[in-house]
Amino acid sequence: MTYLLGLRMRDRDVLVVGGGRVAQRRVPVLLEAGARVTLISPEVSAALEDLAAAGHLTWLRRAWEPGDVRGPEAPLFWLVHAATDSPEVNAAVAEESEGARIWCVRADDRHASSAWTPASGSANGITVGVVASGDPRRSAGLRDAVIDGLTDGTLDARRGRERLRGVALVGGGPGDPGLITVRGQQLLSQADVVVVDRLAPTSLLDRLPADVEIVDASKIPYGRSMAQEAINSVLVERAREGKFVVRLKGGDSFLFGRGSEEAAACAAAGIPVTAVPGVTSALAAPASAGIPATHRGVSQDVHIVSAHVAPGDGRSTVDWAGLARADGTVVALMGVQRIEAITEALIEHGRSPQTPVAVVQEATLPGQRTVTGTLADIAASVRAAQVRPPAVVIIGEVVKTARDLDILHTGAQVEIDRMATGRDLH
């Protein structure tokens with residue numbers, strides 16, 4: 001039998017002997033808990049060396065010596081990890097620790113350890129530790145099951161918790177529900193109210209308890225739309241009622257997501273705001289299609305622009321002439337409806353008509369497909385393929401690079417591609 005105990009390690013000294021893969025796993029967790037770590041090893045992994053160079057731990061670059069656990073000049077350690085690849089050294093470290101009445105974890109022989117490290121993880125302010133005697137893999141599996149339940153709301157973490165307050169602006173990612181961040185999912189599972197956009201990963205809502213209020217704040221292009229002022233009001237009003245509100249939207253809230261406006265409205269009303277970054281479709285769409293936004297020797301810069309107003313429109317603040325002169329990658333969001341104006345502006349200002357272009361529709365979702373072409377013909381190809389929003393336009397030589405590397409994914413539908421053949425491939 002083991003006696004599970006939560007150790008508060010902040011500002012307490014811990015000794016780790018060994019600098020290999022086991023130490024690389026355990027040291028970051030100790031540092032995260034606030035421990036002062038001393039590492040003894042002639043060599044360490046690159047990641048541990050970087051932590052030492054940054055001053056996050058003390059590295060004694062030598063082999064372990066008797067007396068290191070509690071020698072004349074050694075600090076009084078609260079915990080010791082014996083993690084070398086030598087059973088003899090680990091045994092000696094454990095024996096010295098036992099003599100000094102200091103708990104010691106042996107990486108190579110759990111049955112000879114005075115202490116075990118449980119399979120642990122955290123979600124929603126809850127730390128879970130699991131010890132399955134003699135079976136670390138089972139411990140990890142059970143830990144993962146509990147953490148997953150806390151994260152996705154299957155286990156209702158709201159019960160008995162100190163209620164969260166205010167508003168969380170959560171970027172839900174490009175569409176695939178698996179691409180929301182862990183932090184975003186954790187906060188979503190604790191929401192009392194969710195104000196959601198149409199491009200957010202809405203399938204996640206089905207996992208929430210039935211009493212969670214869902215507010216549809218969709219903005220459909222050229223269709224039904226909830227005004228931004230009304231969205232701001234809902235956030236403030238529900239938060240003032242003492243409810244924890246999650247504003248869930250696609251991509252990242254602060255990249256063409258009007259998150260700053262919502263944060264400002266909450267701040268003006270005295271409502272605390274938490275911002276959780278999301279995976280933006282501006283980078284996820286190229287990646288999901290196999291297109292690198294940058295590639296060594298091809299493109300060293302990426303320009304992300306909004307095309308919700310066309311080039312030449314007095315409301316546009318995009319320097320299309322500057323983009324035409326640059327050789328880097330241009331990623332245009334909300335650009336499908338204005339694809340003709342975009343391509344004409346870039347060509348007019350000097351970008352080669354043969355510049356490769358790809359348009360990725362419904363990136364990361366089951367219906368994803370990619371249409372490719374050049375500035376000269378992509379607009380016609382997009383219309384012929386009946387591409388509809390949401391879609392991301394990628395302009396630059398990286399599109400050709402993806403093809404040359406044979407990593408370009410076009411999806412299930414036939415690709416219209418004149419870039420390689422000069423004709424339709426129907």
# chains A, B, ... in the order shown; residues from 1 in each chain; ligands from 1
call {"tool": "residues_around", "arguments": {"residues": "stretch 308-321 of chain A", "least_positions_apart": "6", "cutoff": "7 Å", "atoms": "only C-alpha atoms", "output": "list in words"}}
result
Met334, Gly335, Arg338, Ala341, Ile342, Ala345, Leu346 and His349 of chain A
call {"tool": "write_last_selection", "arguments": {"atoms": "N, CA, C and O atoms", "output": "PDB file, in the first residue's frame"}}
result
ATOM      1  N   MET A 334     -11.022  35.879 -45.416  1.00  0.00           N
ATOM      2  CA  MET A 334     -12.260  36.489 -45.919  1.00  0.00           C
ATOM      3  C   MET A 334     -12.062  37.016 -47.341  1.00  0.00           C
ATOM      4  O   MET A 334     -12.579  38.077 -47.711  1.00  0.00           O
ATOM      5  N   GLY A 335     -11.318  36.270 -48.153  1.00  0.00           N
ATOM      6  CA  GLY A 335     -10.950  36.760 -49.471  1.00  0.00           C
ATOM      7  C   GLY A 335     -11.623  36.111 -50.649  1.00  0.00           C
ATOM      8  O   GLY A 335     -11.418  36.548 -51.794  1.00  0.00           O
ATOM      9  N   ARG A 338     -13.822  38.267 -52.852  1.00  0.00           N
ATOM     10  CA  ARG A 338     -13.104  39.366 -53.518  1.00  0.00           C
ATOM     11  C   ARG A 338     -11.820  38.873 -54.180  1.00  0.00           C
ATOM     12  O   ARG A 338     -10.868  39.634 -54.338  1.00  0.00           O
ATOM     13  N   ALA A 341     -10.620  40.959 -57.210  1.00  0.00           N
ATOM     14  CA  ALA A 341     -10.031  42.248 -56.858  1.00  0.00           C
ATOM     15  C   ALA A 341      -8.641  42.072 -56.253  1.00  0.00           C
ATOM     16  O   ALA A 341      -7.729  42.870 -56.503  1.00  0.00           O
ATOM     17  N   ILE A 342      -8.457  41.028 -55.462  1.00  0.00           N
ATOM     18  CA  ILE A 342      -7.155  40.774 -54.835  1.00  0.00           C
ATOM     19  C   ILE A 342      -6.100  40.467 -55.888  1.00  0.00           C
ATOM     20  O   ILE A 342      -5.003  41.059 -55.902  1.00  0.00           O
ATOM     21  N   ALA A 345      -5.270  43.501 -58.083  1.00  0.00           N
ATOM     22  CA  ALA A 345      -4.480  44.524 -57.394  1.00  0.00           C
ATOM     23  C   ALA A 345      -3.015  44.119 -57.301  1.00  0.00           C
ATOM     24  O   ALA A 345      -2.112  44.933 -57.533  1.00  0.00           O
ATOM     25  N   LEU A 346      -2.756  42.866 -56.994  1.00  0.00           N
ATOM     26  CA  LEU A 346      -1.375  42.405 -56.863  1.00  0.00           C
ATOM     27  C   LEU A 346      -0.658  42.428 -58.211  1.00  0.00           C
ATOM     28  O   LEU A 346       0.502  42.840 -58.308  1.00  0.00           O
ATOM     29  N   HIS A 349       0.132  46.009 -59.295  1.00  0.00           N
ATOM     30  CA  HIS A 349       1.237  46.632 -58.571  1.00  0.00           C
ATOM     31  C   HIS A 349       2.556  45.881 -58.731  1.00  0.00           C
ATOM     32  O   HIS A 349       3.525  46.194 -58.041  1.00  0.00           O
TER      33      HIS A 349
END
call {"tool": "residues_around", "arguments": {"residues": "stretch 236-241 of chain A", "least_positions_apart": "2", "cutoff": "6 Å", "atoms": "only C-alpha atoms", "output": "list in words"}}
result
Gly166, Ser233, Val234, Lys243 and Cys266 of chain A
call {"tool": "select_by_dssp", "arguments": {"residues": "stretch 52-193 of chain A", "states": "strand (DSSP E)", "output": "PyMOL selection string"}}
result
chain A and resi 58-60+79-82+103-106+119-123+126-130+167-171+193
call {"tool": "write_last_selection", "arguments": {"atoms": "N, CA, C and O atoms", "output": "JSON list (two decimals), in the first residue's frame"}}
result
[["chain", "number", "residue", "atom", "x", "y", "z"],
["A", 58, "THR", "N", 20.31, 24.50, -11.02],
["A", 58, "THR", "CA", 21.76, 24.47, -10.78],
["A", 58, "THR", "C", 22.31, 23.15, -11.28],
["A", 58, "THR", "O", 21.87, 22.08, -10.82],
["A", 59, "TRP", "N", 23.26, 23.20, -12.22],
["A", 59, "TRP", "CA", 23.83, 21.98, -12.79],
["A", 59, "TRP", "C", 25.26, 21.82, -12.31],
["A", 59, "TRP", "O", 26.12, 22.66, -12.60],
["A", 60, "LEU", "N", 25.50, 20.75, -11.59],
["A", 60, "LEU", "CA", 26.85, 20.37, -11.19],
["A", 60, "LEU", "C", 27.36, 19.36, -12.21],
["A", 60, "LEU", "O", 26.92, 18.21, -12.22],
["A", 79, "LEU", "N", 13.65, 16.30, -1.27],
["A", 79, "LEU", "CA", 13.32, 15.16, -2.13],
["A", 79, "LEU", "C", 14.51, 14.89, -3.03],
["A", 79, "LEU", "O", 15.21, 15.81, -3.46],
["A", 80, "VAL", "N", 14.73, 13.60, -3.34],
["A", 80, "VAL", "CA", 15.82, 13.20, -4.23],
["A", 80, "VAL", "C", 15.27, 12.30, -5.31],
["A", 80, "VAL", "O", 14.45, 11.41, -5.04],
["A", 81, "HIS", "N", 15.73, 12.52, -6.54],
["A", 81, "HIS", "CA", 15.42, 11.63, -7.66],
["A", 81, "HIS", "C", 16.72, 10.99, -8.13],
["A", 81, "HIS", "O", 17.65, 11.70, -8.53],
["A", 82, "ALA", "N", 16.79, 9.67, -8.07],
["A", 82, "ALA", "CA", 17.94, 8.93, -8.59],
["A", 82, "ALA", "C", 17.58, 8.45, -9.98],
["A", 82, "ALA", "O", 16.79, 7.52, -10.14],
["A", 103, "TRP", "N", 13.13, 11.45, 1.38],
["A", 103, "TRP", "CA", 12.44, 10.62, 0.41],
["A", 103, "TRP", "C", 13.22, 10.57, -0.90],
["A", 103, "TRP", "O", 13.69, 11.60, -1.39],
["A", 104, "CYS", "N", 13.33, 9.37, -1.48],
["A", 104, "CYS", "CA", 14.08, 9.19, -2.72],
["A", 104, "CYS", "C", 13.27, 8.36, -3.71],
["A", 104, "CYS", "O", 12.75, 7.30, -3.35],
["A", 105, "VAL", "N", 13.20, 8.85, -4.94],
["A", 105, "VAL", "CA", 12.53, 8.13, -6.02],
["A", 105, "VAL", "C", 13.60, 7.52, -6.92],
["A", 105, "VAL", "O", 14.44, 8.24, -7.47],
["A", 106, "ARG", "N", 13.57, 6.21, -7.05],
["A", 106, "ARG", "CA", 14.50, 5.53, -7.96],
["A", 106, "ARG", "C", 13.82, 5.28, -9.29],
["A", 106, "ARG", "O", 12.75, 4.66, -9.36],
["A", 119, "ALA", "N", 1.39, 8.87, -11.67],
["A", 119, "ALA", "CA", 1.02, 9.46, -12.96],
["A", 119, "ALA", "C", 0.09, 10.63, -12.64],
["A", 119, "ALA", "O", -0.98, 10.44, -12.08],
["A", 120, "SER", "N", 0.54, 11.84, -12.95],
["A", 120, "SER", "CA", -0.21, 13.01, -12.52],
["A", 120, "SER", "C", -0.53, 13.93, -13.68],
["A", 120, "SER", "O", 0.10, 13.88, -14.74],
["A", 121, "GLY", "N", -1.51, 14.77, -13.47],
["A", 121, "GLY", "CA", -1.90, 15.76, -14.47],
["A", 121, "GLY", "C", -2.86, 16.74, -13.83],
["A", 121, "GLY", "O", -3.38, 16.49, -12.75],
["A", 122, "SER", "N", -3.08, 17.85, -14.50],
["A", 122, "SER", "CA", -3.95, 18.89, -13.94],
["A", 122, "SER", "C", -4.97, 19.34, -14.97],
["A", 122, "SER", "O", -4.69, 19.38, -16.17],
["A", 123, "ALA", "N", -6.14, 19.67, -14.48],
["A", 123, "ALA", "CA", -7.19, 20.24, -15.33],
["A", 123, "ALA", "C", -8.17, 20.98, -14.44],
["A", 123, "ALA", "O", -8.55, 20.48, -13.37],
["A", 126, "ILE", "N", -7.57, 21.23, -10.78],
["A", 126, "ILE", "CA", -7.55, 19.96, -10.04],
["A", 126, "ILE", "C", -6.32, 19.18, -10.46],
["A", 126, "ILE", "O", -6.07, 19.00, -11.66],
["A", 127, "THR", "N", -5.54, 18.71, -9.50],
["A", 127, "THR", "CA", -4.40, 17.85, -9.80],
["A", 127, "THR", "C", -4.78, 16.42, -9.48],
["A", 127, "THR", "O", -5.26, 16.12, -8.37],
["A", 128, "VAL", "N", -4.56, 15.54, -10.44],
["A", 128, "VAL", "CA", -4.91, 14.13, -10.31],
["A", 128, "VAL", "C", -3.64, 13.31, -10.25],
["A", 128, "VAL", "O", -2.73, 13.48, -11.07],
["A", 129, "GLY", "N", -3.54, 12.42, -9.27],
["A", 129, "GLY", "CA", -2.42, 11.51, -9.17],
["A", 129, "GLY", "C", -2.92, 10.08, -9.06],
["A", 129, "GLY", "O", -3.83, 9.80, -8.27],
["A", 130, "VAL", "N", -2.34, 9.18, -9.85],
["A", 130, "VAL", "CA", -2.79, 7.79, -9.86],
["A", 130, "VAL", "C", -1.58, 6.88, -9.68],
["A", 130, "VAL", "O", -0.57, 7.03, -10.37],
["A", 167, "VAL", "N", -15.23, 36.88, -17.81],
["A", 167, "VAL", "CA", -15.37, 36.43, -19.19],
["A", 167, "VAL", "C", -14.04, 35.87, -19.67],
["A", 167, "VAL", "O", -12.98, 36.44, -19.41],
["A", 168, "ALA", "N", -14.11, 34.74, -20.36],
["A", 168, "ALA", "CA", -12.93, 34.17, -21.00],
["A", 168, "ALA", "C", -13.12, 34.24, -22.51],
["A", 168, "ALA", "O", -14.12, 33.74, -23.04],
["A", 169, "LEU", "N", -12.18, 34.90, -23.19],
["A", 169, "LEU", "CA", -12.21, 34.97, -24.64],
["A", 169, "LEU", "C", -11.37, 33.81, -25.16],
["A", 169, "LEU", "O", -10.14, 33.83, -25.07],
["A", 170, "VAL", "N", -12.03, 32.79, -25.67],
["A", 170, "VAL", "CA", -11.36, 31.54, -26.05],
["A", 170, "VAL", "C", -11.34, 31.40, -27.56],
["A", 170, "VAL", "O", -12.39, 31.34, -28.21],
["A", 171, "GLY", "N", -10.13, 31.34, -28.11],
["A", 171, "GLY", "CA", -9.99, 31.03, -29.52],
["A", 171, "GLY", "C", -10.14, 29.54, -29.72],
["A", 171, "GLY", "O", -9.39, 28.74, -29.16],
["A", 193, "VAL", "N", -22.18, 30.12, -19.15],
["A", 193, "VAL", "CA", -22.75, 30.67, -20.38],
["A", 193, "VAL", "C", -21.68, 30.58, -21.46],
["A", 193, "VAL", "O", -20.51, 30.89, -21.21]]
call {"tool": "closest_residue", "arguments": {"among": "A:Val182, A:Ala376, A:Ile291, A:Ala267", "to": "A:Ala358", "atoms": "only C-alpha atoms"}}
result
A:Ile291
call {"tool": "atom_distance", "arguments": {"atom1": "atom CA of A:Gly55", "atom2": "atom CA of A:Leu7"}}
result
23.4 Å
call {"tool": "closest_residue", "arguments": {"among": "A:Ser352, A:Thr410, A:Thr84, A:Ser113", "to": "A:Val371", "atoms": "only C-alpha atoms"}}
result
A:Thr410
call {"tool": "closest_residue", "arguments": {"among": "A:Pro136, A:Pro174, A:Pro353, A:Gly6", "to": "A:Ala287", "atoms": "only C-alpha atoms"}}
result
A:Pro174
call {"tool": "closest_residue", "arguments": {"among": "A:Ile394, A:Val131, A:Val360, A:Leu30", "to": "A:Met1", "atoms": "only C-alpha atoms"}}
result
A:Val131
call {"tool": "closest_atom_pairs", "arguments": {"of": "stretch 300-324 of chain A", "to": "stretch 395-408 of chain A", "cutoff": "12 Å", "atoms": "only C-alpha atoms", "output": "Markdown table"}}
result
| residue | atom | partner | partner_atom | distance |
| --- | --- | --- | --- | --- |
| A:Gln300 | CA | A:Val398 | CA | 10.3 |
| A:Asp301 | CA | A:Gly396 | CA | 10.5 |
| A:Val302 | CA | A:Gly396 | CA | 9.5 |
| A:His303 | CA | A:Ile395 | CA | 9.8 |
| A:Ile304 | CA | A:Ile395 | CA | 10.5 |
| A:Val305 | CA | A:Ile395 | CA | 11.4 |
| A:Leu323 | CA | A:Ile395 | CA | 10.3 |
| A:Ala324 | CA | A:Ile395 | CA | 10.4 |
call {"tool": "closest_residue", "arguments": {"among": "A:Arg101, A:Phe244, A:Asn232, A:Ala47", "to": "A:Ser260", "atoms": "only C-alpha atoms"}}
result
A:Asn232
call {"tool": "atom_distance", "arguments": {"atom1": "atom CA of A:Gly278", "atom2": "atom CA of A:Thr181"}}
result
6.6 Å
call {"tool": "select_by_dssp", "arguments": {"residues": "stretch 205-288 of chain A", "states": "alpha helix (DSSP H)", "output": "PyMOL selection string"}}
result
chain A and resi 228-240+259-268+281-288
